[in-house]
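Data file: my_file-v3.cif. Format and content: mmCIF, C-alpha atoms.
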data_work
#
loop_
_atom_site.label_atom_id
_atom_site.label_comp_id
_atom_site.auth_asym_id
_atom_site.auth_seq_id
_atom_site.Cartn_x
_atom_site.Cartn_y
_atom_site.Cartn_z
CA MET A 1 -31.32 51.07 -23.98
CA ARG A 2 -31.97 48.98 -20.92
CA ARG A 3 -33.12 46.07 -23.08
CA ARG A 4 -29.96 46.25 -25.18
CA TRP A 5 -27.84 46.20 -22.02
CA LYS A 6 -29.61 43.06 -20.75
CA LEU A 7 -29.11 41.26 -24.05
CA ALA A 8 -25.43 42.22 -24.14
CA THR A 9 -24.91 40.92 -20.61
CA ALA A 10 -26.61 37.61 -21.38
CA GLY A 11 -24.56 37.16 -24.50
CA THR A 12 -21.31 37.86 -22.69
CA ALA A 13 -22.20 35.43 -19.92
CA ALA A 14 -22.98 32.71 -22.44
CA ALA A 15 -19.67 33.27 -24.15
CA VAL A 16 -17.79 33.07 -20.85
CA VAL A 17 -19.54 29.82 -19.91
CA ALA A 18 -18.88 28.28 -23.31
CA THR A 19 -15.23 29.24 -23.18
CA THR A 20 -14.74 27.94 -19.61
CA SER A 21 -16.41 24.55 -20.35
CA ALA A 22 -14.27 23.90 -23.39
CA ALA A 23 -10.99 24.69 -21.53
CA SER A 24 -11.66 22.39 -18.46
CA ALA A 25 -11.83 18.99 -20.28
CA ALA A 26 -8.75 16.95 -19.30
CA TRP A 27 -7.64 13.63 -20.70
CA THR A 28 -7.62 10.74 -18.24
CA ASP A 29 -7.01 7.00 -18.28
CA THR A 30 -7.45 4.38 -15.59
CA ALA A 31 -5.74 1.03 -15.25
CA THR A 32 -6.77 -1.59 -12.71
CA LEU A 33 -4.73 -4.31 -11.03
CA ASP A 34 -6.39 -7.21 -9.20
CA THR A 35 -4.40 -9.47 -6.91
CA GLU A 36 -4.89 -13.18 -6.64
CA SER A 37 -5.97 -14.73 -3.36
CA ILE A 38 -4.44 -13.72 -0.02
CA GLY A 39 -5.22 -16.41 2.51
CA ALA A 40 -4.80 -17.14 6.20
CA HIS A 41 -3.61 -20.38 7.77
CA GLN A 42 -5.92 -22.85 9.46
CA VAL A 43 -4.53 -24.63 12.51
CA VAL A 44 -4.84 -28.37 12.04
CA ALA A 45 -5.56 -30.66 14.97
CA GLN A 46 -3.23 -33.50 15.85
CA GLU A 47 -4.65 -37.00 15.96
CA ALA A 48 -5.96 -38.23 19.31
CA PRO A 49 -2.91 -38.95 21.54
CA THR A 50 -1.99 -42.46 22.46
CA CYS A 51 -1.61 -43.17 26.16
CA GLU A 52 0.98 -45.34 27.90
CA ASN A 53 1.31 -46.04 31.61
CA LYS A 54 4.68 -45.16 33.02
CA GLY A 55 6.28 -45.61 36.41
CA GLY A 56 4.32 -46.99 39.29
CA LEU A 57 6.90 -49.62 39.98
CA LEU A 58 9.83 -49.74 42.29
CA GLY A 59 8.59 -46.72 44.16
CA LEU A 60 8.33 -44.57 41.06
CA LEU A 61 5.35 -42.31 40.74
CA GLY A 62 2.83 -43.67 38.31
CA TYR A 63 1.86 -41.35 35.45
CA ALA A 64 0.30 -41.40 31.97
CA GLU A 65 2.40 -40.50 28.94
CA LEU A 66 0.39 -39.08 26.05
CA SER A 67 2.05 -38.91 22.65
CA TRP A 68 1.10 -37.73 19.18
CA SER A 69 2.73 -36.66 15.89
CA HIS A 70 3.98 -33.11 15.52
CA VAL A 71 1.60 -31.63 12.93
CA ASP A 72 3.37 -28.44 11.87
CA PRO A 73 6.68 -26.81 12.80
CA ARG A 74 4.79 -23.62 13.59
CA TYR A 75 2.78 -25.27 16.36
CA GLU A 76 2.96 -25.87 20.07
CA TYR A 77 0.37 -27.79 22.09
CA SER A 78 -1.63 -26.92 25.14
CA TRP A 79 -3.23 -29.57 27.33
CA GLU A 80 -5.65 -29.35 30.17
CA ALA A 81 -7.14 -31.86 32.57
CA ARG A 82 -10.81 -31.75 33.53
CA ARG A 83 -12.78 -33.87 35.94
CA VAL A 84 -15.34 -35.79 33.94
CA ASN A 85 -18.12 -35.57 36.53
CA THR A 86 -17.86 -31.81 37.15
CA GLY A 87 -15.98 -30.42 34.15
CA ALA A 88 -13.69 -28.57 36.54
CA ARG A 89 -10.21 -27.84 35.30
CA ILE A 90 -7.67 -29.45 37.57
CA GLY A 91 -4.43 -28.89 35.69
CA GLY A 92 -2.72 -28.17 32.41
CA GLY A 93 0.42 -27.19 30.56
CA VAL A 94 2.06 -26.31 27.24
CA VAL A 95 4.37 -28.52 25.24
CA THR A 96 6.64 -26.74 22.74
CA PRO A 97 8.54 -29.21 20.63
CA ALA A 98 11.50 -28.27 18.47
CA ALA A 99 10.17 -26.76 15.26
CA ASP A 100 11.52 -29.51 13.05
CA ALA A 101 10.73 -32.30 15.49
CA VAL A 102 10.42 -35.67 13.85
CA ALA A 103 9.91 -37.66 17.01
CA PRO A 104 6.43 -37.75 18.56
CA VAL A 105 5.41 -35.00 20.93
CA THR A 106 4.83 -36.25 24.48
CA ALA A 107 3.04 -34.90 27.54
CA ASP A 108 3.48 -36.59 30.94
CA VAL A 109 0.35 -36.33 33.03
CA THR A 110 1.60 -36.81 36.58
CA PRO A 111 -0.40 -36.56 39.80
CA THR A 112 1.74 -33.65 40.92
CA LEU A 113 0.46 -31.57 38.00
CA LEU A 114 -3.18 -32.17 38.88
CA ASP A 115 -5.36 -31.01 41.70
CA LEU A 116 -6.76 -34.42 42.67
CA GLY A 117 -7.79 -33.48 46.14
CA GLY A 118 -6.18 -36.68 47.28
CA LEU A 119 -8.90 -38.65 45.58
CA ALA A 120 -8.39 -41.93 43.78
CA GLY A 121 -10.88 -43.18 41.26
CA LEU A 122 -11.36 -39.83 39.55
CA GLN A 123 -12.17 -39.96 35.84
CA ILE A 124 -10.17 -37.26 34.07
CA ASP A 125 -10.25 -36.03 30.48
CA ILE A 126 -7.02 -34.71 28.99
CA LEU A 127 -7.75 -32.22 26.18
CA VAL A 128 -4.88 -31.49 23.80
CA SER A 129 -5.03 -28.56 21.33
CA ALA A 130 -2.57 -27.51 18.64
CA ARG A 131 -1.94 -23.75 18.45
CA LEU A 132 0.34 -21.27 16.66
CA ARG A 133 3.48 -20.46 18.63
CA GLY A 134 3.30 -16.69 18.09
CA SER A 135 -0.48 -16.45 18.25
CA PRO A 136 -1.77 -18.79 20.97
CA SER A 137 -5.38 -17.77 20.34
CA TRP A 138 -5.18 -19.51 16.97
CA THR A 139 -5.99 -23.07 17.99
CA ALA A 140 -7.35 -26.24 16.48
CA PRO A 141 -10.19 -28.24 17.99
CA ALA A 142 -9.03 -30.31 20.96
CA THR A 143 -8.71 -34.09 21.08
CA THR A 144 -9.66 -35.88 24.28
CA THR A 145 -7.93 -38.76 26.07
CA ARG A 146 -9.35 -40.36 29.22
CA VAL A 147 -7.15 -41.11 32.25
CA ARG A 148 -7.94 -41.86 35.92
CA SER A 149 -6.42 -41.43 39.31
CA VAL A 150 -5.57 -44.59 41.22
CA ASN A 151 -3.88 -45.56 44.43
CA LEU A 152 -0.96 -47.80 43.66
CA LEU A 153 0.57 -49.98 46.29
CA VAL A 154 3.60 -48.42 47.85
CA VAL A 155 3.63 -45.58 45.35
CA GLY A 156 0.39 -44.01 46.25
CA LEU A 157 -1.82 -41.74 44.17
CA SER A 158 -1.00 -42.17 40.48
CA ILE A 159 -2.42 -41.53 37.04
CA ARG A 160 -3.29 -44.40 34.77
CA CYS A 161 -4.53 -44.51 31.13
CA GLY A 162 -8.15 -45.21 30.32
CA ALA A 163 -11.34 -45.17 32.30
CA GLY A 164 -10.44 -48.27 34.21
CA MET B 1 -36.17 84.62 -73.62
CA MET B 2 -35.49 81.40 -75.70
CA THR B 3 -36.84 81.21 -79.22
CA ALA B 4 -38.53 78.20 -80.80
CA GLU B 5 -35.38 77.47 -82.80
CA GLN B 6 -33.10 77.68 -79.75
CA ARG B 7 -35.05 75.07 -77.64
CA PRO B 8 -34.35 71.95 -79.75
CA ARG B 9 -30.66 72.84 -79.99
CA ARG B 10 -30.26 73.26 -76.25
CA LEU B 11 -32.03 69.98 -75.69
CA ALA B 12 -29.68 68.23 -78.05
CA VAL B 13 -26.69 69.70 -76.26
CA LEU B 14 -28.08 68.59 -72.97
CA VAL B 15 -28.57 65.08 -74.24
CA TRP B 16 -25.10 65.07 -75.74
CA VAL B 17 -23.52 66.25 -72.47
CA SER B 18 -25.46 63.65 -70.49
CA GLY B 19 -24.23 60.94 -72.78
CA VAL B 20 -20.65 62.06 -72.41
CA VAL B 21 -20.98 62.12 -68.65
CA LEU B 22 -22.51 58.66 -68.69
CA MET B 23 -19.73 57.26 -70.83
CA LEU B 24 -17.12 58.77 -68.58
CA ALA B 25 -18.77 57.20 -65.55
CA VAL B 26 -18.74 53.74 -67.09
CA GLY B 27 -15.20 54.17 -68.26
CA VAL B 28 -14.04 55.27 -64.80
CA GLY B 29 -15.81 52.28 -63.31
CA GLY B 30 -13.87 49.96 -65.62
CA THR B 31 -10.56 51.45 -64.54
CA MET B 32 -11.53 51.01 -60.81
CA ALA B 33 -10.69 47.18 -60.72
CA PHE B 34 -8.07 46.49 -57.95
CA TRP B 35 -5.24 44.08 -58.40
CA SER B 36 -5.47 40.90 -56.32
CA ASP B 37 -3.71 37.61 -55.92
CA GLU B 38 -4.14 34.46 -53.79
CA ALA B 39 -1.71 31.94 -52.31
CA THR B 40 -2.44 28.67 -50.48
CA VAL B 41 -0.64 27.05 -47.55
CA GLU B 42 -1.28 23.41 -46.61
CA THR B 43 -0.33 21.99 -43.19
CA GLY B 44 1.20 18.61 -42.43
CA SER B 45 -0.87 16.00 -40.56
CA LEU B 46 -2.45 17.23 -37.32
CA ALA B 47 -2.92 14.40 -34.81
CA ALA B 48 -4.11 14.39 -31.22
CA GLY B 49 -1.85 13.02 -28.48
CA ARG B 50 -2.63 9.94 -26.41
CA LEU B 51 -2.76 9.53 -22.66
CA ASP B 52 -2.21 5.92 -21.61
CA VAL B 53 -1.45 4.33 -18.23
CA THR B 54 0.13 0.88 -18.31
CA LEU B 55 0.68 -1.62 -15.51
CA ASN B 56 3.58 -4.06 -15.49
CA GLY B 57 4.03 -3.22 -19.18
CA GLU B 58 0.49 -4.23 -20.05
CA LEU B 59 -2.90 -2.57 -20.59
CA ALA B 60 -1.90 -0.42 -23.58
CA GLY B 61 -4.91 1.55 -24.70
CA GLU B 62 -7.80 2.92 -22.76
CA GLY B 63 -8.70 1.37 -19.40
CA GLY B 64 -8.24 -2.33 -18.75
CA VAL B 65 -7.87 -4.76 -15.86
CA LEU B 66 -4.74 -6.80 -15.15
CA VAL B 67 -4.86 -9.83 -12.85
CA ASP B 68 -1.41 -10.09 -11.30
CA THR B 69 -0.95 -13.82 -10.83
CA GLN B 70 2.26 -13.22 -8.89
CA PHE B 71 0.49 -11.11 -6.31
CA GLN B 72 -0.79 -13.89 -4.09
CA ILE B 73 0.09 -15.55 -0.82
CA ALA B 74 -1.50 -18.37 1.15
CA ASP B 75 -1.24 -19.82 4.63
CA LEU B 76 -0.46 -16.52 6.37
CA VAL B 77 -0.12 -16.59 10.12
CA PRO B 78 -0.57 -13.36 12.10
CA GLY B 79 2.40 -11.05 11.63
CA GLU B 80 3.53 -12.47 8.30
CA SER B 81 3.72 -10.26 5.22
CA PHE B 82 4.44 -10.25 1.48
CA ALA B 83 5.77 -7.55 -0.86
CA ARG B 84 5.17 -7.06 -4.55
CA VAL B 85 6.01 -4.33 -7.09
CA ILE B 86 3.51 -2.78 -9.49
CA ALA B 87 5.20 -0.98 -12.40
CA VAL B 88 3.11 2.07 -13.34
CA GLY B 89 4.00 3.31 -16.83
CA ASN B 90 3.21 6.14 -19.26
CA GLY B 91 2.56 4.42 -22.57
CA GLY B 92 1.10 7.49 -24.23
CA THR B 93 2.46 10.55 -25.96
CA VAL B 94 1.68 13.17 -23.33
CA PRO B 95 3.07 13.60 -19.83
CA LEU B 96 0.72 12.62 -17.03
CA ASP B 97 0.26 12.61 -13.28
CA TYR B 98 -1.10 9.52 -11.55
CA THR B 99 -2.84 8.62 -8.30
CA MET B 100 -3.78 5.23 -6.88
CA THR B 101 -6.65 3.86 -4.82
CA GLY B 102 -7.07 0.46 -3.20
CA SER B 103 -9.85 -1.74 -1.86
CA THR B 104 -10.22 -5.32 -0.66
CA SER B 105 -12.85 -7.97 -1.01
CA GLY B 106 -13.29 -10.98 1.26
CA THR B 107 -13.49 -11.84 4.94
CA LEU B 108 -9.78 -11.49 5.59
CA GLY B 109 -9.70 -7.96 4.17
CA ALA B 110 -10.31 -6.15 7.44
CA ALA B 111 -7.31 -7.84 9.08
CA LEU B 112 -4.86 -7.01 6.29
CA ARG B 113 -2.46 -4.10 6.67
CA TRP B 114 -1.13 -2.38 3.54
CA THR B 115 1.96 -0.32 2.93
CA VAL B 116 2.49 1.52 -0.36
CA VAL B 117 5.94 2.83 -1.30
CA PRO B 118 6.29 4.56 -4.68
CA GLY B 119 9.82 4.15 -5.92
CA GLY B 120 10.51 1.14 -3.72
CA SER B 121 11.70 -2.32 -4.68
CA ALA B 122 10.28 -5.47 -3.08
CA THR B 123 12.10 -8.11 -1.02
CA ASN B 124 10.63 -11.24 0.56
CA ALA B 125 12.31 -13.32 3.27
CA GLY B 126 11.42 -16.10 5.72
CA THR B 127 9.73 -19.46 5.26
CA VAL B 128 6.32 -21.01 5.64
CA ALA B 129 7.71 -23.55 8.10
CA GLY B 130 9.21 -20.79 10.17
CA GLY B 131 6.00 -18.80 10.23
CA ASN B 132 8.19 -15.77 9.67
CA ARG B 133 7.66 -14.63 6.10
CA ALA B 134 8.35 -10.92 5.79
CA GLY B 135 7.97 -8.63 2.80
CA SER B 136 9.73 -5.28 2.70
CA CYS B 137 10.26 -2.31 0.39
CA THR B 138 13.69 -0.83 -0.16
CA GLY B 139 14.04 2.76 -1.30
CA GLY B 140 11.20 5.05 -2.27
CA SER B 141 9.00 6.91 0.16
CA SER B 142 5.87 5.54 1.74
CA THR B 143 2.58 7.22 0.93
CA TYR B 144 0.48 4.74 2.92
CA PRO B 145 2.10 3.21 6.00
CA SER B 146 0.71 -0.10 7.27
CA ALA B 147 -3.01 0.39 7.57
CA ALA B 148 -6.19 -1.26 6.42
CA ILE B 149 -7.83 -0.16 3.18
CA SER B 150 -11.47 0.10 2.26
CA GLY B 151 -13.58 -2.99 1.88
CA SER B 152 -15.63 -1.26 -0.80
CA ALA B 153 -14.62 -0.93 -4.46
CA THR B 154 -17.07 1.95 -4.87
CA SER B 155 -15.42 3.89 -2.03
CA PRO B 156 -11.74 2.91 -2.26
CA THR B 157 -8.93 4.26 -0.13
CA GLY B 158 -6.44 6.69 -1.61
CA VAL B 159 -3.05 5.05 -1.21
CA ILE B 160 -1.25 7.48 -3.49
CA ALA B 161 -3.34 10.61 -3.05
CA THR B 162 -0.87 13.26 -4.18
CA PRO B 163 -0.42 13.04 -7.98
CA ARG B 164 2.95 11.72 -9.10
CA PRO B 165 4.44 12.76 -12.47
CA LEU B 166 5.30 10.38 -15.26
CA ALA B 167 7.02 11.60 -18.40
CA VAL B 168 6.29 10.03 -21.76
CA GLY B 169 7.81 6.56 -21.84
CA ALA B 170 8.66 6.59 -18.13
CA SER B 171 7.56 4.12 -15.47
CA GLU B 172 7.75 4.02 -11.70
CA GLN B 173 7.85 1.00 -9.41
CA VAL B 174 5.25 1.08 -6.67
CA CYS B 175 6.13 -1.39 -3.91
CA VAL B 176 3.11 -2.79 -2.04
CA ILE B 177 3.31 -4.81 1.20
CA VAL B 178 0.38 -6.81 2.56
CA ALA B 179 0.56 -8.11 6.14
CA LEU B 180 -1.79 -10.12 8.31
CA ASP B 181 -2.27 -8.12 11.49
CA ALA B 182 -0.38 -9.65 14.41
CA ASN B 183 -3.55 -9.54 16.49
CA ALA B 184 -5.84 -10.99 13.85
CA ALA B 185 -8.71 -12.92 15.42
CA SER B 186 -8.66 -16.69 15.46
CA THR B 187 -12.00 -16.69 13.67
CA LEU B 188 -10.11 -15.58 10.53
CA GLN B 189 -8.36 -18.92 10.17
CA GLU B 190 -8.61 -20.04 6.55
CA ALA B 191 -10.22 -16.73 5.52
CA THR B 192 -9.23 -15.15 2.22
CA ALA B 193 -9.30 -11.78 0.45
CA THR B 194 -8.28 -10.14 -2.81
CA ALA B 195 -7.32 -6.55 -3.45
CA ARG B 196 -7.92 -4.15 -6.30
CA PHE B 197 -5.72 -1.15 -7.11
CA VAL B 198 -6.96 1.50 -9.55
CA ILE B 199 -4.37 3.82 -11.05
CA THR B 200 -5.74 7.02 -12.62
CA GLY B 201 -3.63 9.12 -14.94
CA ILE B 202 -4.53 12.71 -15.83
CA GLN B 203 -2.86 15.00 -18.34
CA ARG B 204 -0.13 17.15 -16.83
CA GLY B 205 -1.33 20.61 -15.92
CA ALA B 206 -5.01 19.75 -15.77
CA PRO B 207 -6.83 21.44 -12.89
#

Mind converting the file's structure to structure tokens?
Amino acid sequence: MRRRWKLATAGTAAAVVATTSAASAAWTDTATLDTESIGAHQVVAQEAPTCENKGGLLGLLGYAELSWSHVDPRYEYSWEARRVNTGARIGGGVVTPAADAVAPVTADVTPTLLDLGGLAGLQIDILVSARLRGSPSWTAPATTTRVRSVNLLVVGLSIRCGAG
Amino acid sequence: MMTAEQRPRRLAVLVWVSGVVLMLAVGVGGTMAFWSDEATVETGSLAAGRLDVTLNGELAGEGGVLVDTQFQIADLVPGESFARVIAVGNGGTVPLDYTMTGSTSGTLGAALRWTVVPGGSATNAGTVAGGNRAGSCTGGSSTYPSAAISGSATSPTGVIATPRPLAVGASEQVCVIVALDANAASTLQEATATARFVITGIQRGAP
């Protein structure tokens, strides 16, 4: 009697399992979509600025005018001045041209913008970097232009292009 | 007491009675046949249904991968975005429910932010020169609001996790926006990524 009960139980369980397995199979289908490339911009450096001496005559302060082509309407340009012998930063600024600027971008490096310590004969590197207007950390490698501090007659301490 | 003459006669009677009984039995058996008849019914054709998810009207049949050549954008600056619609369709003969997962591949993937809006339509504005391209979804209801998705195809992110119904022949626009995070690191300049979206359809009512 006990043996018949065990057999009946096993049979019932098997039937339940078989029935449950058959009822749980569900139809499925998958479809996959791949995008094409999503890419980020790379900030492009401007060419090395040209340098032109300005002022220094008729009592006007002498300064160096750097100019270069506007690379991209999304850019602005930061510049900084560093003493060649120590690497110390002695000045800087940001130039933000009109987005659609066609004319060259210019930066006037005047002695009033630099911490010269009253010294003439300093060799100074001007580093110019292009960067995104809304994301200033996105920059291009800098270009370097050499200028120097000089004492001009009458005018006094001035900035001139080149190493002298 | 039975005489010698009476014994053969009684035996004959017995045999005769037995024979009669036997004949009756056979005869009764012959009259015991029941009436019967048979009739046949034939069905029409029995065919199984078909569950089929399509994308942008393509991928009829089981499975498949569609490369959406319109879903691409280059030269992103931080904060810019792009929107695109994926049309999810039921090309089968049975109603289904669908879900969607997403994953990215490539260095830029971690800095991308995704928004998924079932039922939305896509709009793109702005210009490259302005650095202000902006994609948006109109209508619908977002199921995944502006967040990164998995960088692993084997462990994708559920971007439509709650199953959405699709009747036979129906389709639903799923608007997807991809944005470059406004604080993306400068080291990601010129980096790229692609994305993969897997849409799974299951028969309506399945557990």

So that I can check the surroundings of range 148-165 of chain B, please list as JSON, numbers by chain every protein, DNA and RNA residue that reaches within 9 Å of it, counting only C-alpha atoms and ignoring chain neighbours fewer than 3 positions away. {"B": [95, 96, 97, 98, 99, 100, 101, 102, 103, 104, 105, 106, 109, 110, 111, 112, 113, 114, 115, 116, 117, 118, 143, 144, 195, 196, 197, 198, 199, 201, 202, 204]}

Output of the above residues as a short mmCIF file (atom, residue, chain, number, x, y, z; two decimals), in the frame of the given file, restricted to C-alpha atoms:
data_model
loop_
_atom_site.label_atom_id
_atom_site.label_comp_id
_atom_site.auth_asym_id
_atom_site.auth_seq_id
_atom_site.Cartn_x
_atom_site.Cartn_y
_atom_site.Cartn_z
CA PRO B 95 3.07 13.60 -19.83
CA LEU B 96 0.72 12.62 -17.03
CA ASP B 97 0.26 12.61 -13.28
CA TYR B 98 -1.10 9.52 -11.55
CA THR B 99 -2.84 8.62 -8.30
CA MET B 100 -3.78 5.23 -6.88
CA THR B 101 -6.65 3.86 -4.82
CA GLY B 102 -7.07 0.46 -3.20
CA SER B 103 -9.85 -1.74 -1.86
CA THR B 104 -10.22 -5.32 -0.66
CA SER B 105 -12.85 -7.97 -1.01
CA GLY B 106 -13.29 -10.98 1.26
CA GLY B 109 -9.70 -7.96 4.17
CA ALA B 110 -10.31 -6.15 7.44
CA ALA B 111 -7.31 -7.84 9.08
CA LEU B 112 -4.86 -7.01 6.29
CA ARG B 113 -2.46 -4.10 6.67
CA TRP B 114 -1.13 -2.38 3.54
CA THR B 115 1.96 -0.32 2.93
CA VAL B 116 2.49 1.52 -0.36
CA VAL B 117 5.94 2.83 -1.30
CA PRO B 118 6.29 4.56 -4.68
CA THR B 143 2.58 7.22 0.93
CA TYR B 144 0.48 4.74 2.92
CA ALA B 195 -7.32 -6.55 -3.45
CA ARG B 196 -7.92 -4.15 -6.30
CA PHE B 197 -5.72 -1.15 -7.11
CA VAL B 198 -6.96 1.50 -9.55
CA ILE B 199 -4.37 3.82 -11.05
CA GLY B 201 -3.63 9.12 -14.94
CA ILE B 202 -4.53 12.71 -15.83
CA ARG B 204 -0.13 17.15 -16.83
#

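Take the candidates B:Ala147, B:Val178, B:Val88, B:Leu66 and check each one against chain A using all atoms listed in the file; the shortest distance goes to B:Leu66.
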
Step by step, work through what the PyMOL selection byres ((chain B) within 8 of (chain A)) selects in the shown file, and finish by giving those residues as a PDB file with C-alpha atoms, keeping the file's coordinate frame.
ATOM      1  CA  LEU B  51      -2.760   9.530 -22.660  1.00  0.00           C
ATOM      2  CA  ASP B  52      -2.210   5.920 -21.610  1.00  0.00           C
ATOM      3  CA  VAL B  53      -1.450   4.330 -18.230  1.00  0.00           C
ATOM      4  CA  THR B  54       0.130   0.880 -18.310  1.00  0.00           C
ATOM      5  CA  LEU B  55       0.680  -1.620 -15.510  1.00  0.00           C
ATOM      6  CA  LEU B  59      -2.900  -2.570 -20.590  1.00  0.00           C
ATOM      7  CA  GLU B  62      -7.800   2.920 -22.760  1.00  0.00           C
ATOM      8  CA  GLY B  63      -8.700   1.370 -19.400  1.00  0.00           C
ATOM      9  CA  GLY B  64      -8.240  -2.330 -18.750  1.00  0.00           C
ATOM     10  CA  VAL B  65      -7.870  -4.760 -15.860  1.00  0.00           C
ATOM     11  CA  LEU B  66      -4.740  -6.800 -15.150  1.00  0.00           C
ATOM     12  CA  VAL B  67      -4.860  -9.830 -12.850  1.00  0.00           C
ATOM     13  CA  ASP B  68      -1.410 -10.090 -11.300  1.00  0.00           C
ATOM     14  CA  THR B  69      -0.950 -13.820 -10.830  1.00  0.00           C
ATOM     15  CA  GLN B  70       2.260 -13.220  -8.890  1.00  0.00           C
ATOM     16  CA  PHE B  71       0.490 -11.110  -6.310  1.00  0.00           C
ATOM     17  CA  GLN B  72      -0.790 -13.890  -4.090  1.00  0.00           C
ATOM     18  CA  ILE B  73       0.090 -15.550  -0.820  1.00  0.00           C
ATOM     19  CA  ALA B  74      -1.500 -18.370   1.150  1.00  0.00           C
ATOM     20  CA  ASP B  75      -1.240 -19.820   4.630  1.00  0.00           C
ATOM     21  CA  LEU B  76      -0.460 -16.520   6.370  1.00  0.00           C
ATOM     22  CA  VAL B  77      -0.120 -16.590  10.120  1.00  0.00           C
ATOM     23  CA  PRO B  78      -0.570 -13.360  12.100  1.00  0.00           C
ATOM     24  CA  LEU B 108      -9.780 -11.490   5.590  1.00  0.00           C
ATOM     25  CA  ALA B 129       7.710 -23.550   8.100  1.00  0.00           C
ATOM     26  CA  GLY B 130       9.210 -20.790  10.170  1.00  0.00           C
ATOM     27  CA  GLY B 131       6.000 -18.800  10.230  1.00  0.00           C
ATOM     28  CA  LEU B 180      -1.790 -10.120   8.310  1.00  0.00           C
ATOM     29  CA  ALA B 182      -0.380  -9.650  14.410  1.00  0.00           C
ATOM     30  CA  ASN B 183      -3.550  -9.540  16.490  1.00  0.00           C
ATOM     31  CA  ALA B 185      -8.710 -12.920  15.420  1.00  0.00           C
ATOM     32  CA  SER B 186      -8.660 -16.690  15.460  1.00  0.00           C
ATOM     33  CA  LEU B 188     -10.110 -15.580  10.530  1.00  0.00           C
ATOM     34  CA  GLN B 189      -8.360 -18.920  10.170  1.00  0.00           C
ATOM     35  CA  GLU B 190      -8.610 -20.040   6.550  1.00  0.00           C
ATOM     36  CA  ALA B 191     -10.220 -16.730   5.520  1.00  0.00           C
ATOM     37  CA  THR B 192      -9.230 -15.150   2.220  1.00  0.00           C
ATOM     38  CA  ALA B 193      -9.300 -11.780   0.450  1.00  0.00           C
ATOM     39  CA  THR B 194      -8.280 -10.140  -2.810  1.00  0.00           C
ATOM     40  CA  ALA B 195      -7.320  -6.550  -3.450  1.00  0.00           C
ATOM     41  CA  ARG B 196      -7.920  -4.150  -6.300  1.00  0.00           C
ATOM     42  CA  PHE B 197      -5.720  -1.150  -7.110  1.00  0.00           C
ATOM     43  CA  VAL B 198      -6.960   1.500  -9.550  1.00  0.00           C
ATOM     44  CA  ILE B 199      -4.370   3.820 -11.050  1.00  0.00           C
ATOM     45  CA  THR B 200      -5.740   7.020 -12.620  1.00  0.00           C
ATOM     46  CA  GLY B 201      -3.630   9.120 -14.940  1.00  0.00           C
ATOM     47  CA  ILE B 202      -4.530  12.710 -15.830  1.00  0.00           C
ATOM     48  CA  GLN B 203      -2.860  15.000 -18.340  1.00  0.00           C
ATOM     49  CA  ALA B 206      -5.010  19.750 -15.770  1.00  0.00           C
ATOM     50  CA  PRO B 207      -6.830  21.440 -12.890  1.00  0.00           C
TER      51      PRO B 207
END

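Atom to atom, CA of Asp108 in chain A and CA of Trp68 in chain A stand 12.1 Å apart.
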
What does the structure give for the distance between CA of Gly57 in chain B and CA of Gly91 in chain B, in Å to one decimal?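 Pair CA of Gly57 in chain B / CA of Gly91 in chain B returns 8.5 Å.
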
Show me the residues close to (-9.1, -40.0, 42.6) - anything with an atom within 12 Å, counting all atoms listed in the file - and format the list as a list in words. Arg83, Val84, Asn85, Ile90, Pro111, Leu114, Asp115, Leu116, Gly117, Gly118, Leu119, Ala120, Gly121, Leu122, Gln123, Ile124, Val147, Arg148, Ser149, Val150, Asn151, Leu152, Gly156, Leu157, Ser158, Ile159, Arg160, Ala163 and Gly164 of chain A

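Relative to CA of Thr112 in chain A, CA of Thr143 in chain A is found at 22.4 Å.
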
Would you write out, as a ChimeraX atom specification, every residue that the PyMOL selection byres ((chain A and resi 104) around 8) captures in this file? /A:67-70,101-103,105-106

Explicit residue set for the PyMOL selection byres ((chain A and resi 50-56) around 7), as a PDB file with C-alpha atoms, in the coordinates of the input:
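Now in result.pdb:
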ATOM      1  CA  ALA A  48      -5.960 -38.230  19.310  1.00  0.00           C
ATOM      2  CA  PRO A  49      -2.910 -38.950  21.540  1.00  0.00           C
ATOM      3  CA  LEU A  57       6.900 -49.620  39.980  1.00  0.00           C
ATOM      4  CA  LEU A  58       9.830 -49.740  42.290  1.00  0.00           C
ATOM      5  CA  GLY A  59       8.590 -46.720  44.160  1.00  0.00           C
ATOM      6  CA  LEU A  60       8.330 -44.570  41.060  1.00  0.00           C
ATOM      7  CA  LEU A  61       5.350 -42.310  40.740  1.00  0.00           C
ATOM      8  CA  GLY A  62       2.830 -43.670  38.310  1.00  0.00           C
ATOM      9  CA  TYR A  63       1.860 -41.350  35.450  1.00  0.00           C
ATOM     10  CA  ALA A  64       0.300 -41.400  31.970  1.00  0.00           C
ATOM     11  CA  GLU A  65       2.400 -40.500  28.940  1.00  0.00           C
ATOM     12  CA  LEU A  66       0.390 -39.080  26.050  1.00  0.00           C
ATOM     13  CA  SER A  67       2.050 -38.910  22.650  1.00  0.00           C
ATOM     14  CA  TRP A  68       1.100 -37.730  19.180  1.00  0.00           C
ATOM     15  CA  LEU A 152      -0.960 -47.800  43.660  1.00  0.00           C
ATOM     16  CA  VAL A 155       3.630 -45.580  45.350  1.00  0.00           C
ATOM     17  CA  ARG A 160      -3.290 -44.400  34.770  1.00  0.00           C
ATOM     18  CA  CYS A 161      -4.530 -44.510  31.130  1.00  0.00           C
TER      19      CYS A 161
END
